Every structure is written in structure tokens, then in C-alpha cells.
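S.K.: Enclosed is the structure file upload.cif (mmCIF, C-alpha atoms).
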```
data_start
loop_
_atom_site.label_atom_id
_atom_site.label_comp_id
_atom_site.auth_asym_id
_atom_site.auth_seq_id
_atom_site.Cartn_x
_atom_site.Cartn_y
_atom_site.Cartn_z
CA MET A 1018 -48.81 -2.47 77.21
CA ASN A 1019 -49.06 1.00 75.67
CA LYS A 1020 -45.46 1.68 76.69
CA ILE A 1021 -44.34 -1.52 75.01
CA LYS A 1022 -46.16 -0.61 71.78
CA LEU A 1023 -44.67 2.86 71.87
CA PHE A 1024 -41.18 1.44 72.34
CA LEU A 1025 -41.59 -1.03 69.47
CA GLY A 1026 -42.89 1.72 67.20
CA LEU A 1027 -39.98 4.00 67.96
CA PHE A 1028 -37.56 1.09 67.45
CA LEU A 1029 -38.98 0.26 64.02
CA ILE A 1030 -38.88 3.91 62.98
CA ALA A 1031 -35.23 4.12 64.03
CA ILE A 1032 -34.32 0.99 62.04
CA GLY A 1033 -36.10 2.34 58.98
CA PHE A 1034 -34.35 5.67 59.30
CA PHE A 1035 -30.96 3.97 59.72
CA THR A 1036 -31.55 1.71 56.73
CA SER A 1037 -32.71 4.60 54.60
CA CYS A 1038 -29.61 6.58 55.46
CA LYS A 1039 -27.33 3.65 54.60
CA THR A 1040 -29.03 3.08 51.23
CA GLU A 1041 -28.74 6.73 50.26
CA ASP A 1042 -25.07 6.83 51.32
CA VAL A 1043 -24.08 3.94 48.96
CA LYS A 1044 -23.63 5.37 45.45
CA PRO A 1045 -24.14 3.18 42.37
CA PHE A 1046 -20.97 1.96 40.61
CA ILE A 1047 -20.62 2.89 36.93
CA THR A 1048 -19.42 0.35 34.36
CA LEU A 1049 -18.44 1.47 30.85
CA SER A 1050 -18.88 -0.87 27.86
CA SER A 1051 -19.10 -0.84 24.05
CA ASP A 1052 -21.06 -3.06 21.70
CA VAL A 1053 -17.99 -3.39 19.42
CA THR A 1054 -14.23 -3.07 19.72
CA SER A 1055 -13.64 -1.68 16.22
CA ILE A 1056 -15.50 0.30 13.56
CA THR A 1057 -14.77 1.07 9.91
CA GLU A 1058 -13.64 4.53 8.94
CA ASN A 1059 -16.58 4.80 6.54
CA ALA A 1060 -19.07 6.12 9.14
CA GLY A 1061 -18.85 3.08 11.42
CA VAL A 1062 -20.71 3.45 14.74
CA ALA A 1063 -20.07 2.12 18.23
CA THR A 1064 -22.62 2.36 21.05
CA ILE A 1065 -20.99 3.30 24.36
CA SER A 1066 -22.96 2.42 27.50
CA ALA A 1067 -22.69 3.47 31.15
CA SER A 1068 -24.47 0.98 33.42
CA ILE A 1069 -25.34 0.42 37.10
CA LEU A 1070 -26.69 -2.67 38.88
CA ILE A 1071 -29.27 -0.97 41.13
CA ALA A 1072 -31.47 1.87 39.95
CA SER A 1073 -31.03 5.25 41.59
CA GLN A 1074 -33.77 7.62 42.71
CA ASN A 1075 -31.92 10.47 40.94
CA ASP A 1076 -30.46 11.06 37.48
CA ILE A 1077 -26.81 10.09 37.09
CA THR A 1078 -24.54 11.96 34.67
CA VAL A 1079 -21.26 10.52 33.34
CA THR A 1080 -18.96 12.90 31.43
CA LEU A 1081 -16.57 11.16 29.05
CA ASP A 1082 -13.09 12.09 27.85
CA THR A 1083 -11.02 10.99 24.82
CA ILE A 1084 -7.56 12.09 25.95
CA GLY A 1085 -4.91 9.64 24.73
CA SER A 1086 -6.63 8.83 21.42
CA THR A 1087 -4.49 8.47 18.29
CA ALA A 1088 -7.56 9.49 16.26
CA LYS A 1089 -8.56 13.16 16.29
CA GLY A 1090 -11.92 14.29 17.65
CA ASP A 1091 -13.88 17.46 16.92
CA GLY A 1092 -15.33 15.90 13.77
CA ILE A 1093 -11.93 15.18 12.18
CA ASP A 1094 -11.61 11.41 12.63
CA PHE A 1095 -14.66 10.80 14.85
CA THR A 1096 -17.51 12.34 16.83
CA LEU A 1097 -18.65 11.32 20.31
CA ASN A 1098 -22.19 12.61 20.67
CA PRO A 1099 -23.16 13.37 23.34
CA THR A 1100 -20.05 13.46 25.51
CA VAL A 1101 -22.28 13.19 28.63
CA ILE A 1102 -24.23 10.00 29.27
CA VAL A 1103 -27.36 10.40 31.41
CA ILE A 1104 -28.80 7.45 33.33
CA PRO A 1105 -32.34 8.60 34.21
CA ALA A 1106 -33.72 7.95 37.70
CA GLY A 1107 -35.10 4.43 37.93
CA ARG A 1108 -33.08 3.23 34.87
CA LEU A 1109 -29.99 1.03 34.77
CA SER A 1110 -28.08 2.47 31.79
CA GLY A 1111 -27.57 5.30 29.33
CA THR A 1112 -25.75 5.45 25.98
CA THR A 1113 -23.88 7.64 23.53
CA LYS A 1114 -22.61 7.09 19.98
CA LEU A 1115 -19.05 7.09 18.63
CA THR A 1116 -19.11 7.67 14.86
CA ALA A 1117 -16.09 7.50 12.54
CA ILE A 1118 -15.57 10.26 9.96
CA PRO A 1119 -14.47 9.05 6.48
CA ASP A 1120 -11.60 10.72 4.64
CA ASN A 1121 -9.26 9.98 1.74
CA LEU A 1122 -6.07 9.79 3.77
CA LYS A 1123 -4.05 6.60 4.14
CA GLN A 1124 -3.33 6.88 7.87
CA GLY A 1125 -3.49 3.31 9.10
CA ASN A 1126 -5.75 2.16 11.92
CA GLN A 1127 -6.36 4.65 14.74
CA THR A 1128 -7.67 4.28 18.27
CA VAL A 1129 -10.22 6.25 20.29
CA ALA A 1130 -9.47 6.03 24.02
CA ILE A 1131 -12.60 6.65 26.11
CA SER A 1132 -12.43 7.28 29.85
CA ILE A 1133 -14.58 8.88 32.55
CA LYS A 1134 -13.83 12.54 33.19
CA SER A 1135 -16.41 13.09 35.94
CA ILE A 1136 -19.55 11.56 37.50
CA VAL A 1137 -22.52 13.07 39.35
CA GLY A 1138 -24.68 10.75 41.42
CA ALA A 1139 -22.51 7.64 41.19
CA THR A 1140 -18.92 6.44 41.50
CA SER A 1141 -16.32 4.54 39.48
CA ASP A 1142 -12.58 3.89 39.45
CA ASP A 1143 -9.61 4.82 37.29
CA ASN A 1144 -9.75 1.55 35.33
CA GLN A 1145 -12.96 2.45 33.51
CA LYS A 1146 -11.45 2.87 30.03
CA LEU A 1147 -12.41 1.70 26.53
CA ALA A 1148 -10.34 1.49 23.34
CA ILE A 1149 -12.21 1.51 20.02
CA THR A 1150 -10.19 0.98 16.83
CA ILE A 1151 -11.10 2.91 13.68
CA ILE A 1152 -10.09 0.68 10.76
CA ASP A 1153 -8.61 2.67 7.88
CA ASP A 1154 -10.30 1.74 4.59
CA ASP A 1155 -8.45 4.15 2.31
CA VAL A 1156 -6.36 2.93 -0.59
CA PRO A 1157 -3.12 4.86 -1.06
CA VAL A 1158 -3.44 7.45 -3.79
CA LYS A 1159 -1.43 6.23 -6.77
CA ASN A 1160 0.47 8.61 -8.97
CA PRO A 1161 -0.50 8.18 -12.63
CA PRO A 1162 2.04 6.21 -14.70
CA LEU A 1163 4.58 8.14 -16.73
CA LEU A 1164 4.19 5.62 -19.54
CA VAL A 1165 1.77 2.79 -20.40
CA GLU A 1166 2.56 0.58 -23.37
CA ASP A 1167 0.37 -2.46 -24.07
CA PHE A 1168 1.17 -2.70 -27.81
CA ASN A 1169 -2.53 -2.55 -28.62
CA TYR A 1170 -1.86 -2.07 -32.34
CA PRO A 1171 -2.32 -4.15 -35.51
CA VAL A 1172 -0.17 -7.28 -35.71
CA GLY A 1173 2.89 -6.69 -37.88
CA ASP A 1174 3.03 -2.93 -37.39
CA ALA A 1175 6.45 -1.47 -36.70
CA LEU A 1176 6.69 0.14 -33.27
CA THR A 1177 7.86 3.32 -34.99
CA LEU A 1178 4.28 3.77 -36.24
CA HIS A 1179 3.12 4.10 -32.63
CA GLY A 1180 5.31 6.61 -30.82
CA TRP A 1181 8.59 4.68 -30.70
CA SER A 1182 11.73 6.32 -32.11
CA ILE A 1183 14.76 4.72 -33.76
CA HIS A 1184 18.11 5.42 -32.13
CA SER A 1185 20.23 2.72 -33.77
CA ALA A 1186 20.43 0.85 -37.13
CA THR A 1187 18.11 1.10 -40.13
CA THR A 1188 16.90 -2.43 -40.93
CA ASN A 1189 14.70 -5.11 -39.35
CA PRO A 1190 12.17 -3.03 -37.38
CA ILE A 1191 10.72 -4.33 -34.11
CA LEU A 1192 7.16 -5.44 -34.84
CA VAL A 1193 3.90 -5.93 -32.95
CA THR A 1194 3.35 -9.65 -32.33
CA SER A 1195 0.51 -11.81 -31.09
CA PRO A 1196 -0.51 -12.98 -28.57
CA GLY A 1197 0.19 -10.62 -25.70
CA LEU A 1198 1.65 -11.90 -22.44
CA THR A 1199 -0.09 -12.69 -19.15
CA PHE A 1200 1.24 -12.64 -15.61
CA ALA A 1201 -1.23 -13.19 -12.78
CA GLY A 1202 -1.89 -10.06 -10.72
CA TYR A 1203 0.21 -7.68 -12.82
CA VAL A 1204 -1.52 -4.47 -13.90
CA GLY A 1205 -0.32 -4.83 -17.50
CA SER A 1206 -1.26 -8.49 -17.91
CA ASN A 1207 -3.35 -9.71 -20.86
CA ILE A 1208 -3.95 -6.28 -22.41
CA GLY A 1209 -3.34 -5.70 -26.09
CA LEU A 1210 -0.53 -7.56 -27.89
CA ALA A 1211 3.28 -7.55 -27.52
CA ALA A 1212 6.59 -6.51 -29.10
CA GLY A 1213 8.85 -9.09 -30.74
CA VAL A 1214 12.49 -8.23 -30.09
CA ASN A 1215 13.48 -10.94 -32.54
CA ASN A 1216 16.42 -9.99 -34.69
CA THR A 1217 19.46 -7.84 -35.11
CA GLY A 1218 18.81 -4.36 -36.41
CA ILE A 1219 16.72 -1.38 -35.39
CA ASP A 1220 16.69 -0.40 -31.72
CA VAL A 1221 13.87 1.84 -30.53
CA ASN A 1222 12.92 3.96 -27.55
CA LYS A 1223 9.73 5.52 -26.20
CA SER A 1224 9.79 8.62 -24.02
CA PHE A 1225 8.19 8.95 -20.60
CA GLY A 1226 9.51 12.50 -20.16
CA ALA A 1227 12.83 13.68 -18.76
CA GLN A 1228 13.10 12.95 -15.02
CA THR A 1229 15.45 15.23 -13.09
CA THR A 1230 14.05 15.24 -9.55
CA ALA A 1231 15.74 13.05 -6.95
CA GLY A 1232 13.84 9.80 -6.49
CA SER A 1233 13.19 6.51 -8.27
CA ILE A 1234 11.64 5.56 -11.61
CA TYR A 1235 10.26 2.02 -11.90
CA SER A 1236 10.02 0.45 -15.37
CA SER A 1237 8.09 -2.83 -15.22
CA PHE A 1238 7.39 -5.24 -18.08
CA MET A 1239 6.68 -8.90 -18.86
CA VAL A 1240 9.24 -11.00 -20.70
CA ASN A 1241 8.98 -14.36 -22.43
CA ALA A 1242 12.11 -15.45 -24.31
CA THR A 1243 12.36 -18.65 -26.34
CA ALA A 1244 15.88 -18.17 -27.69
CA SER A 1245 18.98 -16.00 -27.41
CA SER A 1246 22.33 -15.84 -29.12
CA VAL A 1247 25.13 -17.97 -27.75
CA ALA A 1248 26.94 -14.93 -26.41
CA GLY A 1249 23.80 -13.18 -25.18
CA ASP A 1250 23.48 -9.45 -24.64
CA TYR A 1251 21.14 -6.79 -23.29
CA PHE A 1252 17.67 -6.29 -24.79
CA PHE A 1253 16.20 -3.56 -22.51
CA HIS A 1254 17.59 -0.37 -21.01
CA ILE A 1255 16.77 3.16 -19.82
CA PHE A 1256 17.34 5.82 -22.48
CA ASP A 1257 18.49 9.44 -22.65
CA PRO A 1258 18.11 11.09 -26.10
CA ASN A 1259 20.96 13.48 -25.28
CA ALA A 1260 23.33 10.62 -24.47
CA VAL A 1261 22.39 8.13 -27.16
CA THR A 1262 25.08 5.55 -26.37
CA SER A 1263 24.92 5.96 -22.58
CA HIS A 1264 22.41 3.20 -21.91
CA ARG A 1265 21.69 2.62 -18.22
CA GLY A 1266 19.95 -0.24 -16.45
CA ARG A 1267 20.89 -2.84 -19.07
CA VAL A 1268 19.07 -6.19 -18.79
CA PHE A 1269 20.83 -9.22 -20.34
CA ILE A 1270 19.67 -12.69 -21.42
CA THR A 1271 22.34 -15.34 -22.00
CA PRO A 1272 21.67 -19.06 -22.66
CA VAL A 1273 23.26 -21.45 -20.16
CA SER A 1274 22.64 -25.21 -20.31
CA GLY A 1275 19.29 -24.76 -22.03
CA LYS A 1276 18.11 -22.07 -19.59
CA MET A 1277 18.35 -18.30 -19.28
CA SER A 1278 20.95 -16.46 -17.26
CA ILE A 1279 19.72 -12.95 -16.38
CA GLY A 1280 22.37 -10.27 -16.11
CA PHE A 1281 22.29 -6.61 -15.19
CA SER A 1282 24.59 -3.61 -15.30
CA TYR A 1283 24.53 0.07 -14.52
CA GLY A 1284 25.91 1.08 -17.91
CA THR A 1285 28.48 -1.37 -19.21
CA SER A 1286 28.74 -4.65 -21.09
CA PRO A 1287 29.14 -7.44 -20.16
CA ALA A 1288 26.81 -7.63 -17.17
CA GLN A 1289 28.09 -6.52 -13.78
CA ALA A 1290 25.93 -9.05 -11.94
CA THR A 1291 23.96 -12.19 -12.82
CA MET A 1292 21.17 -14.09 -11.10
CA SER A 1293 22.26 -17.23 -9.27
CA THR A 1294 19.06 -18.96 -10.40
CA LEU A 1295 18.63 -19.82 -14.07
CA LEU A 1296 15.21 -19.10 -15.60
CA ASN A 1297 13.23 -21.11 -18.13
CA PHE A 1298 12.95 -20.28 -21.79
CA GLY A 1299 9.30 -20.12 -22.81
CA GLN A 1300 8.08 -18.96 -19.39
CA THR A 1301 6.74 -15.46 -18.70
CA TYR A 1302 8.45 -13.42 -15.98
CA LEU A 1303 7.89 -9.95 -14.57
CA PHE A 1304 10.89 -7.61 -14.58
CA VAL A 1305 11.23 -4.23 -12.84
CA VAL A 1306 14.16 -1.92 -13.60
CA LYS A 1307 14.55 0.76 -10.95
CA TYR A 1308 16.58 3.86 -11.77
CA THR A 1309 17.30 6.04 -8.73
CA ILE A 1310 18.32 9.66 -9.16
CA VAL A 1311 20.52 10.99 -6.36
CA ASP A 1312 21.48 14.65 -6.08
CA GLY A 1313 25.12 15.25 -6.86
CA ALA A 1314 27.51 13.87 -9.43
CA ALA A 1315 27.95 10.14 -10.14
CA ASN A 1316 25.51 9.04 -7.44
CA ASP A 1317 22.67 7.49 -9.48
CA TYR A 1318 22.16 3.73 -9.25
CA VAL A 1319 20.01 0.97 -10.74
CA SER A 1320 18.33 -2.16 -9.36
CA LEU A 1321 16.59 -5.13 -10.99
CA TYR A 1322 13.69 -7.16 -9.61
CA VAL A 1323 12.63 -10.43 -11.27
CA PHE A 1324 9.42 -12.29 -10.37
CA ALA A 1325 8.07 -15.68 -11.40
CA GLU A 1326 4.38 -16.62 -11.27
CA GLY A 1327 3.29 -16.97 -7.65
CA ASP A 1328 5.91 -14.59 -6.23
CA ASP A 1329 4.72 -11.75 -4.03
CA PHE A 1330 5.20 -8.41 -5.78
CA ASN A 1331 2.55 -6.41 -3.94
CA THR A 1332 5.22 -4.24 -2.30
CA GLU A 1333 8.81 -3.47 -3.19
CA PRO A 1334 11.15 -6.12 -1.76
CA ALA A 1335 13.73 -4.90 0.71
CA THR A 1336 16.49 -6.41 -1.44
CA PRO A 1337 16.47 -6.35 -5.26
CA THR A 1338 17.23 -9.45 -7.29
CA LEU A 1339 20.34 -7.72 -8.67
CA GLY A 1340 21.89 -4.48 -7.46
CA PRO A 1341 21.87 -1.75 -6.48
CA LEU A 1342 24.57 -1.10 -9.07
CA THR A 1343 26.45 2.06 -9.95
CA GLY A 1344 29.55 2.83 -11.95
CA THR A 1345 32.10 5.39 -12.99
CA VAL A 1346 30.38 6.10 -16.32
CA ALA A 1347 28.47 9.37 -16.68
CA GLU A 1348 24.96 9.75 -15.36
CA ILE A 1349 22.06 10.29 -17.73
CA VAL A 1350 18.70 12.02 -17.54
CA PRO A 1351 16.30 9.05 -17.61
CA THR A 1352 13.81 9.92 -20.33
CA GLY A 1353 12.60 6.73 -21.99
CA VAL A 1354 12.63 2.95 -22.17
CA ALA A 1355 14.40 1.17 -25.02
CA LEU A 1356 14.23 -2.23 -26.73
CA ARG A 1357 17.40 -3.54 -28.35
CA GLN A 1358 17.91 -6.21 -31.00
CA PHE A 1359 21.40 -7.69 -30.62
CA ASP A 1360 21.40 -10.95 -32.62
CA ALA A 1361 19.42 -12.70 -35.35
CA ALA A 1362 18.96 -15.71 -33.07
CA GLN A 1363 17.15 -13.88 -30.29
CA ARG A 1364 13.41 -14.40 -29.74
CA ILE A 1365 12.34 -12.15 -26.86
CA THR A 1366 8.73 -11.03 -26.38
CA VAL A 1367 8.13 -7.93 -24.25
CA ASP A 1368 4.72 -6.68 -23.12
CA GLY A 1369 2.86 -4.56 -20.57
CA ILE A 1370 5.41 -1.79 -20.02
CA ARG A 1371 4.60 0.53 -17.12
CA VAL A 1372 6.81 3.40 -15.95
CA ASN A 1373 5.96 4.87 -12.54
CA THR A 1374 7.54 7.06 -9.88
CA GLU A 1375 6.43 4.56 -7.22
CA TRP A 1376 6.11 0.79 -6.84
CA ASN A 1377 2.78 0.27 -8.57
CA LEU A 1378 2.40 -3.17 -10.13
CA LYS A 1379 -1.14 -4.08 -9.10
CA PRO A 1380 -4.42 -3.02 -10.74
#
```
Translate this structure into C-alpha cells?
M.R.:
Amino acid sequence: MNKIKLFLGLFLIAIGFFTSCKTEDVKPFITLSSDVTSITENAGVATISASILIASQNDITVTLDTIGSTAKGDGIDFTLNPTVIVIPAGRLSGTTKLTAIPDNLKQGNQTVAISIKSIVGATSDDNQKLAITIIDDDVPVKNPPLLVEDFNYPVGDALTLHGWSIHSATTNPILVTSPGLTFAGYVGSNIGLAAGVNNTGIDVNKSFGAQTTAGSIYSSFMVNATASSVAGDYFFHIFDPNAVTSHRGRVFITPVSGKMSIGFSYGTSPAQATMSTLLNFGQTYLFVVKYTIVDGAANDYVSLYVFAEGDDFNTEPATPTLGPLTGTVAEIVPTGVALRQFDAAQRITVDGIRVNTEWNLKP
């Protein structure tokens, strides 16, 4: 009997020892996870966890890596602190924090790629990777306008009392009229009053400063015309005080079957190109004249964009409404915008002029 008890005791001890050895040989498997898949650039935080299913008798350390990220670490675009997750003995998980670093740069969304660099006390596989998106919340920095003209002056004043200069004729000044124009979403909408380009006579210009560097100048403005002469002609153009008759970017209004035909030319009359769609008299539209300076002789060109209420003008369209147009006439140094009175029958209201070196039509 004693021999039997001794045998059973030794057998149970052997089983326990074998089981203990097997348990210690099986290492816990690490699973990486995040509480979110994206964070905002303005100090957004993601909690990164390393987890196991069965608690270990020893601490487990998981060292993380961010190789492959489009965002920059080291406190530039984000911090990962700490970079080592510790799962204490007897616990099932440990955590670290990924924090975005705000800046003023328009970079677009960026990604932080998190993977396991090394593990002590556990195991994993090569598929343990996380991707956290940092959502860019910066608004592109806008260059200040070269010119803002909202005609916020007393009704009936001549524009020449408010920084506009005469470059043609001596009678019938262009006057401030009321009300001003509105165009939903446009930065110059419903501010101040307007200019009535309503006769034949004085033509005026206002300087935005001579532009000589290669690039584009965008002159935007609202237009509401109720009448034009039978022949029609141009009422707006880009001006150079040293080339007084060399008007570039000419915008035309001609009546056709009770509607408006919009024409455009680089520097000649009549118009080089006309819109295929006729516009309505009495309706407000948004026009943008783009003058592009190109290094070299006779390379400059102009484009015209025309928008009706409801059109998308948040970004510059890939194709202008009319143009690009160029010509054999001499180039100018774009220096100002000009309003032209060409006939006693015309009734053209202009408002909200903005001149920029970039497409910038929204508040």
C-alpha cells in the first residue's frame, strides 16, 4: 500500500511539473488597438493599447515604432508618449497616448503608422499595425487683397472723390448709387453701395499697384445690368497708366433678343470670344477677370469667369468661361481696374471689387 501511495504521489508531482513547464513555455499573444482611427490636428489624442488574453506572472514590455508615417514625430506633428507599453504582471493590458501637435501649415491629412518594434515576455506577428489619421484643420493663409472697393461712400458722389482717377472724357462722372449688390457667398456681397456705369462720358480707374512679377491677378466684381446700347461695348478692363489706351481684359455687354451677350477680349474691340449662354438683364452675376503675367515678350494672357447664383466658385475652375486669350498687341503692366461708359443707353451697376494675387472669393 505504501508503495502504491508513493507511486501515485510521484506521478502527480510529475504531471504538475509537466503542466507547469508547458504553461510557462506558452507566451501571451499581444494585440494592438486604438480607441479611435483619427484625431484632429488641434491636440487630438488617441489611446493605443497592447492587450493579452491571459495574465502573465511577469511584466511584459512592448516597444512601438512609427516608421512609415506621413506625419513627423519628435514633437513636430505628433508625440507618442511613452513609446514603450508595459503590461504589469497579473494585468491584461497597458496603454500609451498619441497626441497631435497643432500648427498653422496647410498640409492636408497625415497618417501615423504604429507597429511593434520589439516585445519582452510575449509574442506577436508582423500584422500588428495601426494607422491613425491626423485631420488637418488649418485654413490656407490668404494673401491680403491688392484692392478692395465696396463704394461705401455717400450716394451721388463722383468716384473721383474717392481715389478713382479720370483717364478719358470730361463730362458725366460715374456716381455712387444705391443699393449695393448681393451675391450669395461672395466676399464682397452686400457691403456698402455700388457704382452706376450709366452713361457716355468719363472713364475712371483705381490703382492696385503695378504688378510685374510672373503670376496671375484676379479682379472679381458683381454686375447687374438693366440696359445696354444696341451695339454694346466693353465696360470693365485692366488698366496701365503708362499705356492709357492699351486696355486689357475687356469685358463686353451686348443686348441680344432681350438678354445679355457677354464678350471678352485680350485687348481689342470687338470681342474675341462670347459666351454661348445668354444672361438675364436685371440679374446679379459674379465676374472674375484673370490677368496672367508670363516672363518674356508677348506672352501675357487673360481669362474670364462668370458665375450665376448657385454656381460653385469656391475654387478656380479648371476651364474659364472665356479664354485664355492673348493677342499681338503690346503687353501692359497691370496696375488698376477701370470702369468705362460707352453709351447713354447703358445701365450697368458694378459692386464689390476685389483684386487678389490668388483665387480668393469667399469670406
S.K.: Using the chain letters and numbers from the file, give me the residues hit by the PyMOL selection byres ((chain A and resi 1330) around 12), as a ChimeraX atom specification.
M.R.: /A:1200-1204,1237,1302-1305,1322-1329,1331-1335,1337,1376-1379
S.K.: Would you output that residue set with C-alpha atoms, as a compact mmCIF listing (two decimals), in the coordinates of the input?
M.R.:
```
# COMPACT_ATOMS: atom_id res chain seq x y z
CA PHE A 1200 1.24 -12.64 -15.61
CA ALA A 1201 -1.23 -13.19 -12.78
CA GLY A 1202 -1.89 -10.06 -10.72
CA TYR A 1203 0.21 -7.68 -12.82
CA VAL A 1204 -1.52 -4.47 -13.90
CA SER A 1237 8.09 -2.83 -15.22
CA TYR A 1302 8.45 -13.42 -15.98
CA LEU A 1303 7.89 -9.95 -14.57
CA PHE A 1304 10.89 -7.61 -14.58
CA VAL A 1305 11.23 -4.23 -12.84
CA TYR A 1322 13.69 -7.16 -9.61
CA VAL A 1323 12.63 -10.43 -11.27
CA PHE A 1324 9.42 -12.29 -10.37
CA ALA A 1325 8.07 -15.68 -11.40
CA GLU A 1326 4.38 -16.62 -11.27
CA GLY A 1327 3.29 -16.97 -7.65
CA ASP A 1328 5.91 -14.59 -6.23
CA ASP A 1329 4.72 -11.75 -4.03
CA ASN A 1331 2.55 -6.41 -3.94
CA THR A 1332 5.22 -4.24 -2.30
CA GLU A 1333 8.81 -3.47 -3.19
CA PRO A 1334 11.15 -6.12 -1.76
CA ALA A 1335 13.73 -4.90 0.71
CA PRO A 1337 16.47 -6.35 -5.26
CA TRP A 1376 6.11 0.79 -6.84
CA ASN A 1377 2.78 0.27 -8.57
CA LEU A 1378 2.40 -3.17 -10.13
CA LYS A 1379 -1.14 -4.08 -9.10
```
S.K.: What residues come out when you apply the PyMOL selection byres ((chain A and resi 1165) around 7) to this file, written as a PyMOL selection string?
M.R.: chain A and resi 1162+1164+1166-1167+1370-1372
S.K.: Taking the file as shown, what set of residues would the PyMOL selection byres ((chain A and resi 1067) around 10) give back, as a ChimeraX atom specification?
M.R.: /A:1046-1051,1065-1066,1068-1069,1077-1079,1102-1104,1109-1113,1133
S.K.: Quick one: everything within 9 Å of Phe1256 in chain A, counting only C-alpha atoms, minus sequence neighbours fewer than 6 positions away in the same chain. Send it as an MDAnalysis selection string.
M.R.: chainID A and resid 1222:1224 1262:1266 1349:1355
S.K.: Selected residues, C-alpha atoms, written as a PDB file, in the frame of the given file, please.
M.R.:
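Generated output (again35.pdb):
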```pdb
ATOM      1  CA  ASN A1222      12.920   3.960 -27.550  1.00  0.00           C
ATOM      2  CA  LYS A1223       9.730   5.520 -26.200  1.00  0.00           C
ATOM      3  CA  SER A1224       9.790   8.620 -24.020  1.00  0.00           C
ATOM      4  CA  THR A1262      25.080   5.550 -26.370  1.00  0.00           C
ATOM      5  CA  SER A1263      24.920   5.960 -22.580  1.00  0.00           C
ATOM      6  CA  HIS A1264      22.410   3.200 -21.910  1.00  0.00           C
ATOM      7  CA  ARG A1265      21.690   2.620 -18.220  1.00  0.00           C
ATOM      8  CA  GLY A1266      19.950  -0.240 -16.450  1.00  0.00           C
ATOM      9  CA  ILE A1349      22.060  10.290 -17.730  1.00  0.00           C
ATOM     10  CA  VAL A1350      18.700  12.020 -17.540  1.00  0.00           C
ATOM     11  CA  PRO A1351      16.300   9.050 -17.610  1.00  0.00           C
ATOM     12  CA  THR A1352      13.810   9.920 -20.330  1.00  0.00           C
ATOM     13  CA  GLY A1353      12.600   6.730 -21.990  1.00  0.00           C
ATOM     14  CA  VAL A1354      12.630   2.950 -22.170  1.00  0.00           C
ATOM     15  CA  ALA A1355      14.400   1.170 -25.020  1.00  0.00           C
TER      16      ALA A1355
END
```
S.K.: So which residues fall inside 7 Å of (9.8, 4.7, -4.8) if we count all atoms listed in the file? Mind giving them as a PyMOL selection string?
M.R.: chain A and resi 1232-1233+1374-1376
S.K.: Enter the distance from CA of Thr1100 in chain A to CA of Gln1124 in chain A, in Å, rounded to one decimal.
M.R.: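 Taking CA of Thr1100 in chain A and CA of Gln1124 in chain A, their separation equals 25.2 Å.
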S.K.: Would you mind telling me which residue in A:Thr1343, A:Gln1074, A:Ser1135, A:Asn1215 lies nearest to Arg1267 in chain A when using all atoms listed in the file?
M.R.: A:Thr1343
S.K.: Would you mind listing what lies within 7 Å of Thr1194 in chain A as number ranges by chain, with all atoms listed in the file counted and same-chain residues fewer than 3 positions away left out?
M.R.: A: 1172-1173, 1210-1213
S.K.: Using the selection just defined, write its residues with C-alpha atoms as a tab-separated table (two decimals), in the frame of the given file.
M.R.:
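Once written, selection-v1.tsv looks like this:
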```tsv
chain	number	residue	atom	x	y	z
A	1172	VAL	CA	-0.17	-7.28	-35.71
A	1173	GLY	CA	2.89	-6.69	-37.88
A	1210	LEU	CA	-0.53	-7.56	-27.89
A	1211	ALA	CA	3.28	-7.55	-27.52
A	1212	ALA	CA	6.59	-6.51	-29.10
A	1213	GLY	CA	8.85	-9.09	-30.74
```
S.K.: Determine the nearest neighbour of Pro1119 in chain A from the options A:Asp1154, A:Asp1174, A:Asp1317, A:Asp1257, counting only C-alpha atoms.
M.R.: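 Closest to Pro1119 in chain A, using only C-alpha atoms: A:Asp1154.
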S.K.: To one decimal place, how far is CA of Ile1056 in chain A from CA of Ala1117 in chain A in Å?
M.R.: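 CA of Ala1117 in chain A lies at a distance of 7.3 Å from CA of Ile1056 in chain A.
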S.K.: At what distance in Å, to one decimal, does CA of Ala1130 in chain A lie from CA of Ile1118 in chain A?
M.R.: 15.9 Å
S.K.: For Gly1061 in chain A, which residue out of A:Pro1045, A:Thr1116, A:Pro1341, A:Asn1216 is the nearest one, using all atoms listed in the file?
M.R.: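 Checking each of A:Pro1045, A:Thr1116, A:Pro1341, A:Asn1216 against Gly1061 in chain A, counting all atoms listed in the file, the winner is A:Thr1116.
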S.K.: With only C-alpha atoms as the atoms that count, which of A:Asn1316, A:Gly1138, A:Lys1159, A:Phe1225 lies nearest to Pro1380 in chain A?
M.R.: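 Among the listed residues, the smallest separation from Pro1380 in chain A belongs to A:Lys1159.
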S.K.: Near Tyr1308 in chain A, counting all atoms listed in the file, which residues have an atom at most 7 Å away, once you skip same-chain residues fewer than 5 positions from it, shown as a ChimeraX atom specification?
M.R.: /A:1233-1235,1318-1320
S.K.: Could you tell me which of A:Ser1086, A:Leu1178, A:Val1214, A:Ala1244 comes closest to Ile1191 in chain A if we count all atoms listed in the file?
M.R.: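 Of A:Ser1086, A:Leu1178, A:Val1214, A:Ala1244, the one nearest Ile1191 in chain A, counting all atoms listed in the file, is A:Val1214.
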